[in-house]
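Single-structure report; data block below.
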Amino acid sequence: MAGFINFEDEEEVRSYLENLHVEYSYQCFKEKDPDGKRPHRDPLPAAPGPAGASKDFARAARVLRDNCEAHGHSESCYKLGAYQAIGKGGLNPDLKAAYNSFMKSCEKGGKKSVNACHSVGLLAHDGRVNDDKPDPVVARDYYTKACDGNFAPSCFNLSIIYLQGAPGVPKDMNHALKYSLKGCELGHMWACANASRMYKLGDGTEKNDAKAEDLKNRAKQLHKEQKEAPSSLTFGV
């Protein structure tokens with residue numbers, strides 16, 4: 001369902017990693033600069049071609065590990081977790097290591113911390129970091145952190161947990177509606193669709209056909225925008 005990532009499917013997480021790619025310079029490595037900052041007059045180089053990509057990712061992985069583990073930089077921990085999740089940059093695929101890196105980033109705070117909190121929630125929800133035992137309580141807690149930071153997929157995933165109920169997290173239609181509505185406000189198509197259905201059926205709220213119709217139209221509009229949006233790869237984000 002939308003908002004979840006299969007970390008074993010490299011194609012599914014391709015853009016997840018590509019959007020994290022950073023061109024790290026020697027100065028970045030030497031100065032321990034987690035963001036690879038450079039003067040505005042010195043723009044980032046073009047993305048490497050196939051011949052240089054593997055070497056570049058391996059170099060980035062070394063920088064990320066150093067900046068995260070030795071210096072505790074939040075954004076580097078988040079990006080390191082993404083590399084560890086599928087074995088990018090010569091690293092062995094290791095979801096437990098990824099989970100720990102995401103956790104460090106989430107708890108540290110910073111501009112990527114809500115993304116990291118969402119990733120902690122995903123891995124706890126999936127269960128593979130805990131001997132195939134999903135932990136919906138931890139997932140709920142970290143989705144909540146990310147949703148509070150206005151990360152729409154976490155709001156949607158949180159609404160699903162409350163909609164279905166899980167061990168340690170009782171079914172709660174009021175909370176399911178609350179987080180569906182917030183996800184919708186933040187532009188999550190499926191959150192709008194869920195909220196529309198809840199108003200249509202009177203789940204977690206009184207029936208309200210007008211609101212149901214408005215939310216359905218919002219979902220349709222978001223779907224249209226998604227289909228029409230140009231597909232592009234962004235590097236250095």
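Following the order of the structure tokens, first chain is A, next is B, and so on, with residues numbered from 1 inside each chain and ligands from 1 in the order they appear.
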> Contacts of Leu215 in chain A at 8 Å or less, counting only C-alpha atoms, minus same-chain residues fewer than 4 places along, as a ChimeraX atom specification?
Replying inline: /A:192-193,195-196,211,219
> Near range 105-120 of chain A, counting only C-alpha atoms, which residues have an atom at most 7 Å away, once you skip same-chain residues fewer than 4 positions from it, shown as a ChimeraX atom specification?
Replying inline: /A:74-75,77-78,99,101,124,142-143,145-146,149,151,154
> Separation of CA of Tyr83 in chain A and CA of Ala139 in chain A, in Å?
Replying inline: 21.0 Å
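Relative to CA of Gly187 in chain A, CA of Leu222 in chain A is found at 7.0 Å.
Counting from CA of Gly202 in chain A, the distance to CA of Tyr162 in chain A is 15.7 Å.
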>> I want to know what sits within 12 Å of Asp214 in chain A, based on only C-alpha atoms, with residues of the same chain fewer than 2 positions away left out; could you give that as JSON, numbers by chain?
In response: {"A": [181, 184, 192, 193, 195, 196, 197, 199, 200, 208, 209, 210, 211, 212, 216, 217, 218, 219, 220, 221]}
Create the file for the chosen residues now, containing N, CA and C atoms and written as a compact mmCIF listing (two decimals), in the first residue's frame.
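Saved result, part.txt, follows:
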```
# COMPACT_ATOMS: atom_id res chain seq x y z
N LEU A 181 -7.13 12.60 7.59
CA LEU A 181 -7.39 13.99 7.20
C LEU A 181 -6.08 14.79 7.15
N CYS A 184 -4.24 13.81 4.08
CA CYS A 184 -4.89 14.42 2.93
C CYS A 184 -4.51 15.88 2.78
N CYS A 192 -6.70 10.85 1.48
CA CYS A 192 -7.95 11.53 1.10
C CYS A 192 -9.05 10.50 0.79
N ALA A 193 -8.66 9.44 0.07
CA ALA A 193 -9.63 8.41 -0.29
C ALA A 193 -10.18 7.71 0.95
N ALA A 195 -10.30 8.93 4.06
CA ALA A 195 -11.14 9.87 4.81
C ALA A 195 -12.50 10.03 4.14
N SER A 196 -12.51 10.06 2.81
CA SER A 196 -13.77 10.17 2.09
C SER A 196 -14.68 8.98 2.42
N ARG A 197 -14.14 7.80 2.40
CA ARG A 197 -14.93 6.60 2.68
C ARG A 197 -15.45 6.60 4.12
N TYR A 199 -16.18 9.21 5.96
CA TYR A 199 -17.33 10.13 6.04
C TYR A 199 -18.55 9.54 5.34
N LYS A 200 -18.31 8.81 4.28
CA LYS A 200 -19.42 8.20 3.53
C LYS A 200 -20.13 7.15 4.37
N ASN A 208 -21.36 12.18 6.44
CA ASN A 208 -21.41 13.52 5.85
C ASN A 208 -21.09 13.38 4.37
N ASP A 209 -22.12 13.29 3.57
CA ASP A 209 -21.94 13.05 2.14
C ASP A 209 -21.19 14.19 1.44
N ALA A 210 -21.43 15.41 1.91
CA ALA A 210 -20.76 16.56 1.29
C ALA A 210 -19.25 16.49 1.51
N LYS A 211 -18.83 16.20 2.74
CA LYS A 211 -17.40 16.08 3.03
C LYS A 211 -16.80 14.89 2.29
N ALA A 212 -17.57 13.80 2.25
CA ALA A 212 -17.09 12.62 1.53
C ALA A 212 -16.83 12.94 0.07
N LYS A 216 -13.23 12.96 -1.87
CA LYS A 216 -13.08 12.11 -3.05
C LYS A 216 -12.56 12.93 -4.22
N ASN A 217 -13.08 14.13 -4.38
CA ASN A 217 -12.61 15.00 -5.46
C ASN A 217 -11.16 15.42 -5.24
N ARG A 218 -10.80 15.62 -3.98
CA ARG A 218 -9.41 15.96 -3.67
C ARG A 218 -8.49 14.80 -4.05
N ALA A 219 -8.92 13.57 -3.74
CA ALA A 219 -8.13 12.40 -4.09
C ALA A 219 -7.99 12.29 -5.61
N LYS A 220 -9.06 12.54 -6.33
CA LYS A 220 -9.02 12.48 -7.79
C LYS A 220 -8.07 13.53 -8.35
N GLN A 221 -8.10 14.73 -7.77
CA GLN A 221 -7.24 15.80 -8.24
C GLN A 221 -5.77 15.46 -8.00
```
>> Considering only C-alpha atoms, can you say which of A:Asp148, A:Asp126, A:Glu206, A:Asp132 comes closest to Leu186 in chain A?
In response: A:Asp148
> Tell me, which residues of range 52-166 of chain A carry DSSP alpha helix (DSSP H), written as a ChimeraX atom specification?
Replying inline: /A:52-65,74-86,95-108,113-126,136-148,152-164
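For the residues A:His71, A:Arg62, A:Lys96, A:Arg140, ranking by smallest atom-to-atom distance to Leu158 in chain A using only C-alpha atoms places A:Arg140 first.
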>> I'd like to know which of A:Gln84, A:Ser180, A:Asn130, A:Thr205 is closest to Pro153 in chain A, using only C-alpha atoms.
In response: A:Ser180
Quick one: residues within 9 Å of Leu95 in chain A, only C-alpha atoms counted, chain neighbours fewer than 2 positions away excluded, as a compact mmCIF listing (two decimals) with N, CA and C atoms, in the first residue's frame?
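Below you can see around_8.txt, which holds the result:
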```
# COMPACT_ATOMS: atom_id res chain seq x y z
N PHE A 7 12.15 -3.02 1.13
CA PHE A 7 13.58 -2.77 1.10
C PHE A 7 14.35 -3.86 0.37
N GLY A 81 21.76 5.05 6.44
CA GLY A 81 20.71 4.04 6.59
C GLY A 81 20.14 3.61 5.25
N GLN A 84 22.65 1.32 3.65
CA GLN A 84 22.70 0.03 4.33
C GLN A 84 21.47 -0.83 4.02
N ALA A 85 20.35 -0.18 3.75
CA ALA A 85 19.10 -0.92 3.55
C ALA A 85 19.18 -1.88 2.38
N ILE A 86 19.84 -1.47 1.29
CA ILE A 86 19.93 -2.37 0.13
C ILE A 86 21.36 -2.66 -0.31
N PRO A 93 23.91 -5.50 2.45
CA PRO A 93 22.54 -5.17 2.86
C PRO A 93 22.32 -5.58 4.31
N ALA A 97 21.27 -2.64 10.70
CA ALA A 97 22.20 -1.49 10.70
C ALA A 97 21.49 -0.25 10.18
N ALA A 98 20.67 -0.42 9.14
CA ALA A 98 19.91 0.70 8.59
C ALA A 98 18.96 1.26 9.65
N TYR A 99 18.29 0.37 10.34
CA TYR A 99 17.36 0.77 11.41
C TYR A 99 18.07 1.62 12.46
N ASN A 100 19.25 1.18 12.88
CA ASN A 100 20.01 1.93 13.89
C ASN A 100 20.45 3.30 13.37
N LEU A 123 10.42 0.04 9.12
CA LEU A 123 11.16 -1.17 9.44
C LEU A 123 10.59 -1.88 10.66
N ARG A 128 11.18 -7.26 9.89
CA ARG A 128 12.39 -8.00 9.56
C ARG A 128 13.61 -7.58 10.39
N VAL A 129 13.51 -6.48 11.10
CA VAL A 129 14.62 -6.09 11.99
C VAL A 129 14.42 -6.71 13.37
```
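Of the residues listed (A:Gln226, A:Ser159, A:Asn67, A:Ser76), A:Ser159 shows the shortest atom-to-atom separation from Gly183 in chain A; distances use only C-alpha atoms.
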